[in-house]
file model09.cif (mmCIF, C-alpha atoms)
data_structure
loop_
_atom_site.label_atom_id
_atom_site.label_comp_id
_atom_site.auth_asym_id
_atom_site.auth_seq_id
_atom_site.Cartn_x
_atom_site.Cartn_y
_atom_site.Cartn_z
CA MET A 215 -54.84 -43.86 -44.06
CA ALA A 216 -56.45 -44.71 -47.39
CA SER A 217 -59.88 -44.87 -45.76
CA VAL A 218 -59.36 -41.45 -44.11
CA LEU A 219 -58.34 -39.91 -47.46
CA GLN A 220 -61.36 -41.52 -49.11
CA LYS A 221 -63.68 -40.05 -46.47
CA ILE A 222 -62.09 -36.61 -46.94
CA GLU A 223 -62.64 -36.79 -50.72
CA GLU A 224 -66.27 -37.84 -50.23
CA ILE A 225 -66.97 -34.97 -47.80
CA GLU A 226 -65.24 -32.41 -50.06
CA ALA A 227 -67.29 -33.67 -53.02
CA GLU A 228 -70.53 -33.38 -51.02
CA MET A 229 -69.60 -29.84 -49.90
CA ALA A 230 -68.95 -28.86 -53.53
CA ARG A 231 -72.39 -30.21 -54.52
CA THR A 232 -74.26 -28.48 -51.69
CA GLN A 233 -75.58 -25.00 -52.44
CA LYS A 234 -74.78 -22.55 -49.65
CA ASN A 235 -77.82 -20.85 -48.14
CA LYS A 236 -79.62 -20.47 -44.82
CA ALA A 237 -81.32 -23.84 -45.12
CA THR A 238 -78.10 -25.77 -45.76
CA SER A 239 -75.84 -23.88 -43.32
CA GLY A 240 -76.29 -26.49 -40.58
CA HIS A 241 -75.49 -29.37 -42.95
CA LEU A 242 -72.40 -27.58 -44.28
CA GLY A 243 -71.25 -26.79 -40.73
CA LEU A 244 -71.55 -30.48 -39.83
CA LEU A 245 -69.54 -31.48 -42.93
CA LYS A 246 -66.81 -28.94 -42.09
CA ALA A 247 -66.59 -30.28 -38.53
CA LYS A 248 -66.25 -33.86 -39.84
CA LEU A 249 -63.59 -32.69 -42.31
CA ALA A 250 -61.60 -30.95 -39.54
CA LYS A 251 -61.67 -34.13 -37.40
CA LEU A 252 -60.46 -36.28 -40.30
CA ARG A 253 -57.66 -33.81 -41.09
CA ARG A 254 -56.59 -33.97 -37.44
CA GLU A 255 -56.33 -37.77 -37.75
CA LEU A 256 -54.23 -37.31 -40.87
CA ILE A 257 -51.89 -34.78 -39.21
CA ALA A 258 -51.42 -36.82 -36.01
CA PRO A 259 -52.00 -40.52 -36.79
CA ALA A 260 -52.87 -42.83 -33.93
CA LYS A 261 -50.03 -44.10 -31.75
CA GLY A 262 -48.78 -47.61 -32.32
CA GLY A 263 -49.01 -47.30 -36.11
CA GLY A 264 -46.37 -48.42 -38.56
CA GLY A 265 -44.49 -45.12 -38.72
CA GLY A 266 -41.14 -45.23 -36.96
CA PRO A 267 -38.88 -42.47 -35.68
CA GLY A 268 -36.94 -40.24 -38.05
CA ASP A 269 -39.75 -39.64 -40.56
CA GLY A 270 -39.42 -35.85 -40.32
CA PHE A 271 -36.51 -33.47 -40.84
CA GLU A 272 -36.95 -31.02 -37.99
CA VAL A 273 -34.05 -28.63 -37.45
CA THR A 274 -33.16 -27.22 -34.03
CA LYS A 275 -34.67 -23.76 -33.64
CA THR A 276 -31.90 -21.16 -33.25
CA GLY A 277 -31.62 -17.39 -33.47
CA ASP A 278 -34.22 -14.72 -32.78
CA ALA A 279 -36.83 -15.89 -35.30
CA ARG A 280 -37.48 -18.66 -37.80
CA ILE A 281 -38.60 -18.26 -41.43
CA GLY A 282 -39.66 -21.07 -43.77
CA LEU A 283 -39.39 -21.02 -47.58
CA VAL A 284 -42.47 -22.82 -48.92
CA GLY A 285 -43.36 -23.33 -52.57
CA PHE A 286 -43.67 -25.73 -55.45
CA PRO A 287 -40.50 -27.38 -56.86
CA SER A 288 -38.09 -25.30 -58.97
CA VAL A 289 -39.32 -21.82 -58.02
CA GLY A 290 -35.89 -20.66 -56.77
CA LYS A 291 -36.05 -21.34 -53.01
CA SER A 292 -32.52 -22.79 -52.86
CA THR A 293 -31.06 -19.87 -54.85
CA LEU A 294 -32.80 -17.42 -52.50
CA LEU A 295 -31.38 -19.23 -49.44
CA THR A 296 -27.87 -19.05 -50.90
CA LYS A 297 -28.13 -15.36 -51.75
CA LEU A 298 -29.56 -14.32 -48.36
CA THR A 299 -27.48 -16.50 -46.04
CA GLY A 300 -24.43 -17.70 -47.96
CA THR A 301 -25.43 -21.31 -47.18
CA GLU A 302 -24.95 -23.61 -50.15
CA SER A 303 -28.12 -25.44 -51.16
CA GLU A 304 -28.03 -27.64 -54.23
CA VAL A 305 -29.42 -25.85 -57.28
CA ALA A 306 -30.33 -27.51 -60.57
CA ALA A 307 -32.68 -27.10 -63.53
CA TYR A 308 -34.75 -30.16 -62.59
CA GLU A 309 -37.47 -30.42 -59.95
CA PHE A 310 -37.09 -31.82 -56.40
CA THR A 311 -33.40 -30.86 -56.15
CA THR A 312 -33.82 -30.22 -52.40
CA LEU A 313 -34.89 -33.40 -50.61
CA THR A 314 -34.43 -32.36 -46.99
CA CYS A 315 -34.61 -29.22 -44.85
CA ILE A 316 -31.53 -26.99 -45.24
CA PRO A 317 -31.03 -24.21 -42.65
CA GLY A 318 -29.20 -20.90 -43.01
CA VAL A 319 -28.89 -17.74 -40.93
CA ILE A 320 -29.67 -14.16 -42.01
CA HIS A 321 -27.80 -11.46 -40.08
CA TYR A 322 -29.95 -8.33 -40.30
CA LYS A 323 -30.11 -5.26 -38.04
CA GLY A 324 -28.29 -7.14 -35.29
CA ALA A 325 -30.74 -10.06 -35.34
CA LYS A 326 -29.97 -13.66 -36.24
CA ILE A 327 -32.87 -15.03 -38.28
CA GLN A 328 -32.98 -18.71 -39.15
CA LEU A 329 -34.06 -19.37 -42.75
CA LEU A 330 -35.19 -22.89 -43.74
CA ASP A 331 -35.14 -24.11 -47.34
CA LEU A 332 -37.91 -26.72 -47.37
CA PRO A 333 -38.40 -29.31 -50.14
CA GLY A 334 -40.95 -28.37 -52.78
CA ILE A 335 -44.51 -29.38 -51.93
CA ILE A 336 -46.98 -30.79 -54.42
CA GLU A 337 -50.76 -30.63 -54.70
CA GLY A 338 -52.18 -32.97 -52.06
CA ALA A 339 -49.31 -32.35 -49.63
CA LYS A 340 -51.74 -31.84 -46.73
CA ASP A 341 -53.04 -35.37 -47.40
CA GLY A 342 -49.57 -36.88 -47.10
CA LYS A 343 -48.48 -36.88 -50.75
CA GLY A 344 -44.74 -36.55 -51.35
CA ARG A 345 -43.06 -35.26 -48.19
CA GLY A 346 -45.78 -32.67 -47.77
CA ARG A 347 -46.69 -33.60 -44.20
CA GLN A 348 -43.10 -33.12 -42.97
CA VAL A 349 -42.69 -29.87 -44.92
CA ILE A 350 -45.88 -28.31 -43.56
CA ALA A 351 -45.16 -29.60 -40.03
CA VAL A 352 -41.90 -27.62 -40.06
CA ALA A 353 -43.74 -24.61 -41.51
CA ARG A 354 -46.07 -24.66 -38.45
CA SER A 355 -43.06 -23.91 -36.23
CA CYS A 356 -42.05 -20.78 -38.19
CA ASN A 357 -42.60 -17.15 -37.17
CA LEU A 358 -42.97 -16.15 -40.82
CA ILE A 359 -43.58 -18.07 -44.05
CA LEU A 360 -42.15 -16.92 -47.38
CA ILE A 361 -44.40 -18.43 -50.04
CA THR A 362 -42.10 -18.47 -53.04
CA LEU A 363 -43.80 -18.22 -56.44
CA ASP A 364 -42.42 -18.37 -59.98
CA ALA A 365 -43.54 -15.28 -61.91
CA SER A 366 -43.56 -17.26 -65.16
CA LYS A 367 -45.92 -19.92 -63.76
CA PRO A 368 -49.74 -19.61 -63.39
CA ALA A 369 -50.97 -17.33 -60.59
CA LEU A 370 -53.18 -20.25 -59.49
CA HIS A 371 -50.14 -21.68 -57.64
CA LYS A 372 -50.71 -19.14 -54.83
CA LYS A 373 -54.21 -20.49 -54.15
CA LEU A 374 -53.01 -24.10 -54.29
CA ILE A 375 -50.28 -23.52 -51.69
CA GLU A 376 -52.69 -21.60 -49.43
CA HIS A 377 -55.14 -24.50 -49.67
CA GLU A 378 -52.45 -27.01 -48.66
CA LEU A 379 -51.35 -24.92 -45.66
CA GLU A 380 -54.92 -24.19 -44.57
CA GLY A 381 -55.68 -27.92 -44.63
CA PHE A 382 -52.84 -28.48 -42.17
CA GLY A 383 -54.16 -25.95 -39.64
CA ILE A 384 -52.05 -22.94 -40.71
CA ARG A 385 -53.93 -19.63 -41.00
CA LEU A 386 -52.01 -17.16 -43.14
CA ASN A 387 -52.10 -13.41 -42.42
CA LYS A 388 -55.04 -13.84 -40.06
CA ARG A 389 -55.60 -13.21 -36.39
CA PRO A 390 -57.48 -15.53 -34.03
CA PRO A 391 -61.16 -14.49 -33.88
CA ASN A 392 -62.18 -12.53 -30.81
CA MET A 393 -64.20 -15.42 -29.46
CA ILE A 394 -64.51 -17.04 -26.03
CA TYR A 395 -65.01 -20.81 -26.10
CA ARG A 396 -65.39 -22.35 -22.66
CA ARG A 397 -66.30 -25.93 -21.74
CA LYS A 398 -68.49 -26.45 -18.67
CA ASP A 399 -70.04 -29.33 -16.69
CA LYS A 400 -73.73 -28.52 -17.20
CA GLY A 401 -76.10 -25.95 -18.66
CA GLY A 402 -76.07 -27.04 -22.32
CA ILE A 403 -74.78 -24.97 -25.25
CA SER A 404 -75.10 -21.19 -24.91
CA PHE A 405 -74.30 -18.63 -27.60
CA SER A 406 -74.17 -14.83 -27.45
CA SER A 407 -72.80 -12.26 -29.87
CA ALA A 408 -72.04 -8.55 -29.53
CA VAL A 409 -72.12 -8.10 -33.33
CA GLN A 410 -74.35 -9.16 -36.18
CA THR A 411 -73.29 -12.57 -37.46
CA GLU A 412 -74.45 -15.43 -39.68
CA LEU A 413 -73.96 -17.87 -36.79
CA ASP A 414 -76.89 -18.93 -34.62
CA LEU A 415 -77.44 -21.31 -31.73
CA ASP A 416 -78.71 -24.15 -33.94
CA LEU A 417 -75.58 -24.05 -36.13
CA ILE A 418 -73.33 -23.98 -33.05
CA LYS A 419 -75.20 -26.99 -31.59
CA THR A 420 -74.87 -28.89 -34.87
CA ILE A 421 -71.09 -28.38 -34.92
CA CYS A 422 -70.78 -29.27 -31.22
CA SER A 423 -72.77 -32.48 -31.74
CA GLU A 424 -70.08 -33.76 -34.11
CA TYR A 425 -67.48 -33.21 -31.37
CA ARG A 426 -69.82 -34.68 -28.71
CA ILE A 427 -69.76 -31.41 -26.81
CA HIS A 428 -72.98 -30.93 -24.85
CA ASN A 429 -72.08 -28.13 -22.42
CA ALA A 430 -70.12 -25.05 -23.51
CA ASP A 431 -70.28 -21.26 -23.78
CA PHE A 432 -69.58 -19.39 -27.03
CA ILE A 433 -69.22 -15.59 -26.82
CA LEU A 434 -68.49 -13.58 -29.99
CA ARG A 435 -67.06 -10.06 -29.91
CA THR A 436 -66.33 -9.80 -33.66
CA ALA A 437 -67.88 -11.29 -36.79
CA ALA A 438 -67.03 -14.98 -37.18
CA THR A 439 -67.92 -17.96 -39.35
CA GLU A 440 -68.49 -21.65 -38.69
CA ASP A 441 -64.84 -22.20 -39.67
CA ASP A 442 -63.77 -19.96 -36.78
CA VAL A 443 -65.96 -21.97 -34.38
CA ILE A 444 -64.36 -25.22 -35.57
CA ASP A 445 -60.88 -23.68 -35.21
CA ALA A 446 -61.71 -22.63 -31.62
CA ILE A 447 -62.89 -26.15 -30.74
CA GLU A 448 -59.89 -27.82 -32.40
CA GLY A 449 -57.53 -25.44 -30.58
CA ASN A 450 -54.44 -26.38 -32.63
CA ARG A 451 -54.44 -23.70 -35.33
CA GLN A 452 -51.30 -21.66 -36.03
CA TYR A 453 -51.79 -18.03 -37.09
CA ILE A 454 -48.64 -17.15 -39.05
CA PRO A 455 -47.84 -14.06 -41.15
CA ALA A 456 -46.80 -14.72 -44.75
CA ILE A 457 -45.08 -12.84 -47.56
CA TYR A 458 -45.59 -13.85 -51.20
CA VAL A 459 -42.14 -13.74 -52.79
CA LEU A 460 -42.59 -13.40 -56.55
CA ASN A 461 -39.32 -14.74 -57.95
CA LYS A 462 -37.94 -14.60 -61.51
CA VAL A 463 -39.62 -11.26 -62.30
CA ASP A 464 -37.00 -10.79 -65.05
CA SER A 465 -39.07 -13.27 -67.11
CA ILE A 466 -42.31 -11.20 -67.18
CA SER A 467 -43.31 -7.84 -68.67
CA MET A 468 -43.62 -4.54 -66.80
CA GLU A 469 -47.40 -4.61 -67.23
CA GLU A 470 -47.65 -7.98 -65.48
CA LEU A 471 -45.32 -6.78 -62.72
CA GLU A 472 -47.50 -3.70 -62.12
CA LEU A 473 -50.54 -5.98 -61.68
CA TYR A 474 -48.74 -8.04 -59.03
CA ASP A 475 -47.57 -4.85 -57.32
CA ARG A 476 -51.17 -3.91 -56.52
CA LEU A 477 -51.72 -7.09 -54.49
CA PRO A 478 -51.09 -7.12 -50.70
CA ASN A 479 -48.10 -8.87 -49.11
CA TYR A 480 -46.28 -9.33 -52.44
CA VAL A 481 -42.54 -8.69 -52.88
CA PRO A 482 -41.17 -9.05 -56.44
CA ILE A 483 -37.55 -10.24 -56.68
CA SER A 484 -35.07 -12.03 -58.90
CA ALA A 485 -32.91 -14.24 -56.67
CA ASN A 486 -30.58 -15.16 -59.49
CA LEU A 487 -29.94 -11.52 -60.48
CA GLU A 488 -30.17 -10.30 -56.85
CA TRP A 489 -32.95 -7.81 -57.64
CA ASN A 490 -34.82 -6.27 -54.67
CA LEU A 491 -33.35 -8.59 -52.01
CA ASP A 492 -32.93 -5.54 -49.74
CA GLY A 493 -36.63 -4.79 -50.14
CA LEU A 494 -37.45 -8.39 -49.24
CA LEU A 495 -35.33 -8.22 -46.07
CA GLU A 496 -37.04 -4.96 -45.05
CA SER A 497 -40.46 -6.58 -45.53
CA VAL A 498 -39.33 -9.62 -43.52
CA TRP A 499 -38.19 -7.37 -40.66
CA ASP A 500 -41.50 -5.48 -40.65
CA ARG A 501 -43.59 -8.68 -40.59
CA LEU A 502 -41.50 -10.35 -37.87
CA ASN A 503 -42.29 -7.33 -35.64
CA LEU A 504 -39.07 -7.45 -33.59
CA LEU A 505 -37.53 -4.88 -31.24
CA ARG A 506 -33.83 -4.02 -30.82
CA ILE A 507 -32.89 -3.13 -27.24
CA TYR A 508 -29.34 -1.95 -26.52
CA THR A 509 -27.52 -2.66 -23.25
CA LYS A 510 -25.54 0.01 -21.38
CA PRO A 511 -22.99 -1.05 -18.73
CA LYS A 512 -22.57 1.48 -15.93
CA GLY A 513 -20.13 4.28 -16.87
CA GLN A 514 -19.79 3.06 -20.47
CA ILE A 515 -21.38 3.88 -23.83
CA PRO A 516 -24.25 1.66 -25.07
CA ASP A 517 -23.41 -1.47 -27.05
CA TYR A 518 -24.98 -0.71 -30.42
CA ASP A 519 -23.35 -3.70 -32.16
CA SER A 520 -25.15 -6.51 -30.31
CA PRO A 521 -28.77 -5.60 -29.53
CA VAL A 522 -31.04 -7.83 -27.51
CA ILE A 523 -33.91 -8.88 -29.79
CA LEU A 524 -37.42 -9.03 -28.29
CA ARG A 525 -40.82 -9.78 -29.76
CA ASN A 526 -43.13 -6.78 -30.01
CA THR A 527 -45.95 -8.17 -27.86
CA PRO A 528 -47.09 -6.84 -24.46
CA ALA A 529 -45.68 -9.82 -22.57
CA SER A 530 -42.38 -9.98 -24.51
CA ARG A 531 -41.29 -6.32 -24.53
CA THR A 532 -41.12 -5.68 -20.78
CA ILE A 533 -38.01 -5.00 -18.69
CA GLU A 534 -38.51 -8.42 -17.09
CA ALA A 535 -38.53 -10.16 -20.51
CA PHE A 536 -35.39 -8.19 -21.45
CA CYS A 537 -33.61 -9.34 -18.27
CA ASN A 538 -34.65 -12.96 -18.78
CA LYS A 539 -33.30 -12.85 -22.34
CA LEU A 540 -29.92 -11.77 -20.94
CA HIS A 541 -29.87 -14.25 -18.04
CA LYS A 542 -32.56 -15.89 -15.90
CA ALA A 543 -30.73 -14.98 -12.65
CA ILE A 544 -30.80 -11.18 -13.22
CA MET A 545 -34.36 -10.74 -11.91
CA LYS A 546 -33.38 -12.17 -8.50
CA GLU A 547 -31.09 -9.16 -7.92
CA PHE A 548 -33.11 -6.61 -9.96
CA LYS A 549 -33.71 -3.20 -8.29
CA TYR A 550 -34.71 -0.94 -11.20
CA ALA A 551 -33.70 -0.09 -14.76
CA LEU A 552 -32.54 3.18 -16.31
CA VAL A 553 -34.11 3.60 -19.75
CA TRP A 554 -33.27 6.00 -22.59
CA GLY A 555 -35.50 6.14 -25.67
CA SER A 556 -39.01 6.65 -26.98
CA SER A 557 -40.72 4.52 -24.31
CA VAL A 558 -39.96 7.05 -21.53
CA LYS A 559 -40.73 10.75 -20.93
CA PHE A 560 -37.29 11.58 -19.51
CA ASN A 561 -33.80 10.39 -20.46
CA PRO A 562 -32.86 8.46 -18.43
CA GLN A 563 -35.92 7.36 -16.47
CA LYS A 564 -36.18 4.88 -13.61
CA CYS A 565 -38.45 1.99 -14.58
CA GLY A 566 -39.74 -1.18 -12.94
CA LYS A 567 -39.88 -4.69 -14.33
CA ASP A 568 -43.31 -4.20 -15.98
CA HIS A 569 -42.27 -1.18 -18.10
CA GLU A 570 -42.80 -1.81 -21.83
CA LEU A 571 -39.87 -0.98 -24.12
CA CYS A 572 -39.82 0.44 -27.66
CA ASP A 573 -37.52 -0.26 -30.60
CA GLU A 574 -33.92 0.95 -30.09
CA ASP A 575 -34.34 1.80 -26.40
CA VAL A 576 -31.17 1.76 -24.27
CA VAL A 577 -31.37 -0.06 -20.91
CA GLN A 578 -29.06 -0.11 -17.90
CA ILE A 579 -29.90 -2.61 -15.15
CA VAL A 580 -29.32 -1.58 -11.52
CA LYS A 581 -29.05 -4.48 -9.08
CA ARG A 582 -29.76 -4.61 -5.35
CA VAL A 583 -26.67 -4.30 -3.16
#
call {"tool": "encode", "arguments": {"input": "model09.cif", "output": "structure tokens"}}
result
Amino acid sequence: MASVLQKIEEIEAEMARTQKNKATSGHLGLLKAKLAKLRRELIAPAKGGGGGPGDGFEVTKTGDARIGLVGFPSVGKSTLLTKLTGTESEVAAYEFTTLTCIPGVIHYKGAKIQLLDLPGIIEGAKDGKGRGRQVIAVARSCNLILITLDASKPALHKKLIEHELEGFGIRLNKRPPNMIYRRKDKGGISFSSAVQTELDLDLIKTICSEYRIHNADFILRTAATEDDVIDAIEGNRQYIPAIYVLNKVDSISMEELELYDRLPNYVPISANLEWNLDGLLESVWDRLNLLRIYTKPKGQIPDYDSPVILRNTPASRTIEAFCNKLHKAIMKEFKYALVWGSSVKFNPQKCGKDHELCDEDVVQIVKRV
């Protein structure tokens, strides 16, 4: 591993020395591709190595969504977990109090949201320092990341944590580029773009040569960079929304707080004094993008206490997805559904299995006789 880390440091140093312009774009693209390959080796070391089982601290995924608390040591992650979930996590004035992953559950708007208090990461976590690899590996499985920052510490900490997560293949508050990457048996490398971009065929070929890819199609529909091309080839990137939780705001002035308030995706709180925790939960709910669907047994009033929670994506908000969330066997006897709510024109309306639901719709399933 030492040799891999040494190679990464050498490539990063060469990238820092190289001036970015049209003439050096191919060289920089090649260096970035080499760096991505080395990082992949670091994330998933070769089989048969010295590492044995039990190195991580993965927790079984439960509930409707999973959130990870990520941050440097002693920023208040354990206090926040205790206040939001009631789960006791050891709290002390010294750093590295939390040494393993501690789960809790937030009950909010009928949803059960798993909250993970992860050990504090340090600079160089993506390269295996401390327990950084295990921490970030758990963060990759989350639906939302709460990057917890100490308001009294330098604002540079935000950039450092982003750099560590980016190095481990996590893309924060980004969407996958609208790009088609397709391997083929012959025909060489082809590149076409529907928009103006800095990428060209020579740069694409340079990156592909590092991966020993000789035949592939690249089609761009939106602006993209060489980093996006490398991400498409690697194919293991996680695009995860993030909220920057600015804790301990009671230790800074109003002027400083107003500056933070202008930045996107920031939520100022004081976990110890329980300031703005309701605002944080509302932001969490918005970013998780969940739907509450209520069930209605025939001849009875809807059950508003226990909604079925669905993801707000085209494939996950259909009647079929709703039925499968209740029980896999329902679709075998499914005839149609009666739906009340904003997703239909009439209340109730007969709908098939492909109908897409909206938040707080009421659904009654009618089975075949």
call {"tool": "closest_residue", "arguments": {"input": "model09.cif", "among": "A:Arg426, A:Arg451, A:Asp431, A:Val349", "to": "Glu380 (chain A)", "atoms": "all atoms listed in the file"}}
result
A:Arg451
call {"tool": "resolve_selection", "arguments": {"input": "model09.cif", "expression": "the PyMOL selection byres ((chain A and resi 473-490) around 7)", "output": "count of residues only"}}
result
19
call {"tool": "resolve_selection", "arguments": {"input": "model09.cif", "expression": "the PyMOL selection byres ((chain A and resi 366) around 7)", "output": "list in words"}}
result
Asp364, Ala365, Lys367, Pro368, Ser465 and Ile466 of chain A
call {"tool": "residues_around", "arguments": {"input": "model09.cif", "residues": "Val583 (chain A)", "least_positions_apart": "5", "cutoff": "10 Å", "atoms": "all atoms listed in the file", "output": "JSON, numbers by chain"}}
result
{"A": [547, 548, 549]}
call {"tool": "resolve_selection", "arguments": {"input": "model09.cif", "expression": "the PyMOL selection byres ((chain A and resi 408) around 12)", "output": "VMD selection string"}}
result
chain A and resid 392 to 394 405 to 407 409 to 411 413 432 to 438
call {"tool": "atom_distance", "arguments": {"input": "model09.cif", "atom1": "CA of Leu298 (chain A)", "atom2": "CA of Ile320 (chain A)"}}
result
6.4 Å
call {"tool": "closest_residue", "arguments": {"input": "model09.cif", "among": "A:Leu374, A:Ala430, A:Ala247, A:Ala456", "to": "Asp500 (chain A)", "atoms": "all atoms listed in the file"}}
result
A:Ala456
call {"tool": "residues_around", "arguments": {"input": "model09.cif", "residues": "region 530-540 of chain A", "least_positions_apart": "4", "cutoff": "8 Å", "atoms": "only C-alpha atoms", "output": "JSON, numbers by chain"}}
result
{"A": [505, 522, 524, 525, 526, 544, 545, 551, 566, 567, 568, 569, 570, 571, 572]}
call {"tool": "closest_residue", "arguments": {"input": "model09.cif", "among": "A:Leu329, A:Val443, A:Leu252, A:Leu358", "to": "Lys419 (chain A)", "atoms": "all atoms listed in the file"}}
result
A:Val443
call {"tool": "atom_distance", "arguments": {"input": "model09.cif", "atom1": "CA of Glu376 (chain A)", "atom2": "CA of Ile421 (chain A)"}}
result
24.4 Å
call {"tool": "residues_around", "arguments": {"input": "model09.cif", "residues": "Ile359 (chain A)", "least_positions_apart": "5", "cutoff": "8 Å", "atoms": "only C-alpha atoms", "output": "MDAnalysis selection string"}}
result
chainID A and resid 281:284 353 454:457
call {"tool": "residues_around", "arguments": {"input": "model09.cif", "residues": "Ala279 (chain A)", "least_positions_apart": "5", "cutoff": "8 Å", "atoms": "all atoms listed in the file", "output": "PyMOL selection string"}}
result
chain A and resi 326-328+356-357+502
call {"tool": "atom_distance", "arguments": {"input": "model09.cif", "atom1": "CA of Thr238 (chain A)", "atom2": "CA of Ile384 (chain A)"}}
result
26.7 Å
call {"tool": "closest_residue", "arguments": {"input": "model09.cif", "among": "A:Arg354, A:Ser217, A:Leu244, A:Ser497", "to": "Ile444 (chain A)", "atoms": "all atoms listed in the file"}}
result
A:Leu244
call {"tool": "residues_around", "arguments": {"input": "model09.cif", "residues": "Pro317 (chain A)", "least_positions_apart": "5", "cutoff": "9 Å", "atoms": "only C-alpha atoms", "output": "list in words"}}
result
Val273, Leu295, Thr301, Gln328, Leu329, Leu330, Asp331 and Leu332 of chain A
call {"tool": "decode", "arguments": {"input": "model09.cif", "residues": "region 404-442 of chain A", "atoms": "C-alpha atoms", "output": "compact mmCIF listing (two decimals), in the first residue's frame"}}
result
# COMPACT_ATOMS: atom_id res chain seq x y z
CA SER A 404 -15.83 7.81 -31.30
CA PHE A 405 -16.89 11.06 -29.64
CA SER A 406 -19.86 13.34 -30.33
CA SER A 407 -21.33 16.22 -28.36
CA ALA A 408 -24.62 18.10 -28.63
CA VAL A 409 -23.18 21.06 -26.68
CA GLN A 410 -20.00 23.10 -26.70
CA THR A 411 -17.39 21.46 -24.49
CA GLU A 412 -13.68 21.55 -23.67
CA LEU A 413 -13.42 17.83 -24.42
CA ASP A 414 -12.20 16.60 -27.79
CA LEU A 415 -11.48 13.23 -29.39
CA ASP A 416 -7.74 13.37 -28.67
CA LEU A 417 -8.33 13.94 -24.93
CA ILE A 418 -10.88 11.11 -24.82
CA LYS A 419 -8.40 8.78 -26.59
CA THR A 420 -5.64 9.74 -24.15
CA ILE A 421 -7.83 8.86 -21.15
CA CYS A 422 -9.01 5.61 -22.79
CA SER A 423 -5.42 4.57 -23.51
CA GLU A 424 -4.69 4.53 -19.77
CA TYR A 425 -7.62 2.12 -19.28
CA ARG A 426 -6.60 0.10 -22.38
CA ILE A 427 -9.93 0.85 -24.00
CA HIS A 428 -9.62 0.85 -27.78
CA ASN A 429 -13.26 0.65 -28.93
CA ALA A 430 -16.01 2.74 -27.31
CA ASP A 431 -18.63 5.40 -28.01
CA PHE A 432 -18.88 8.63 -25.99
CA ILE A 433 -21.98 10.80 -26.53
CA LEU A 434 -22.38 14.05 -24.56
CA ARG A 435 -25.74 15.77 -24.09
CA THR A 436 -24.57 18.31 -21.48
CA ALA A 437 -21.27 20.04 -20.73
CA ALA A 438 -18.76 17.67 -19.12
CA THR A 439 -15.11 17.57 -18.08
CA GLU A 440 -12.39 14.94 -18.22
CA ASP A 441 -13.30 14.07 -14.61
CA ASP A 442 -16.81 13.14 -15.77
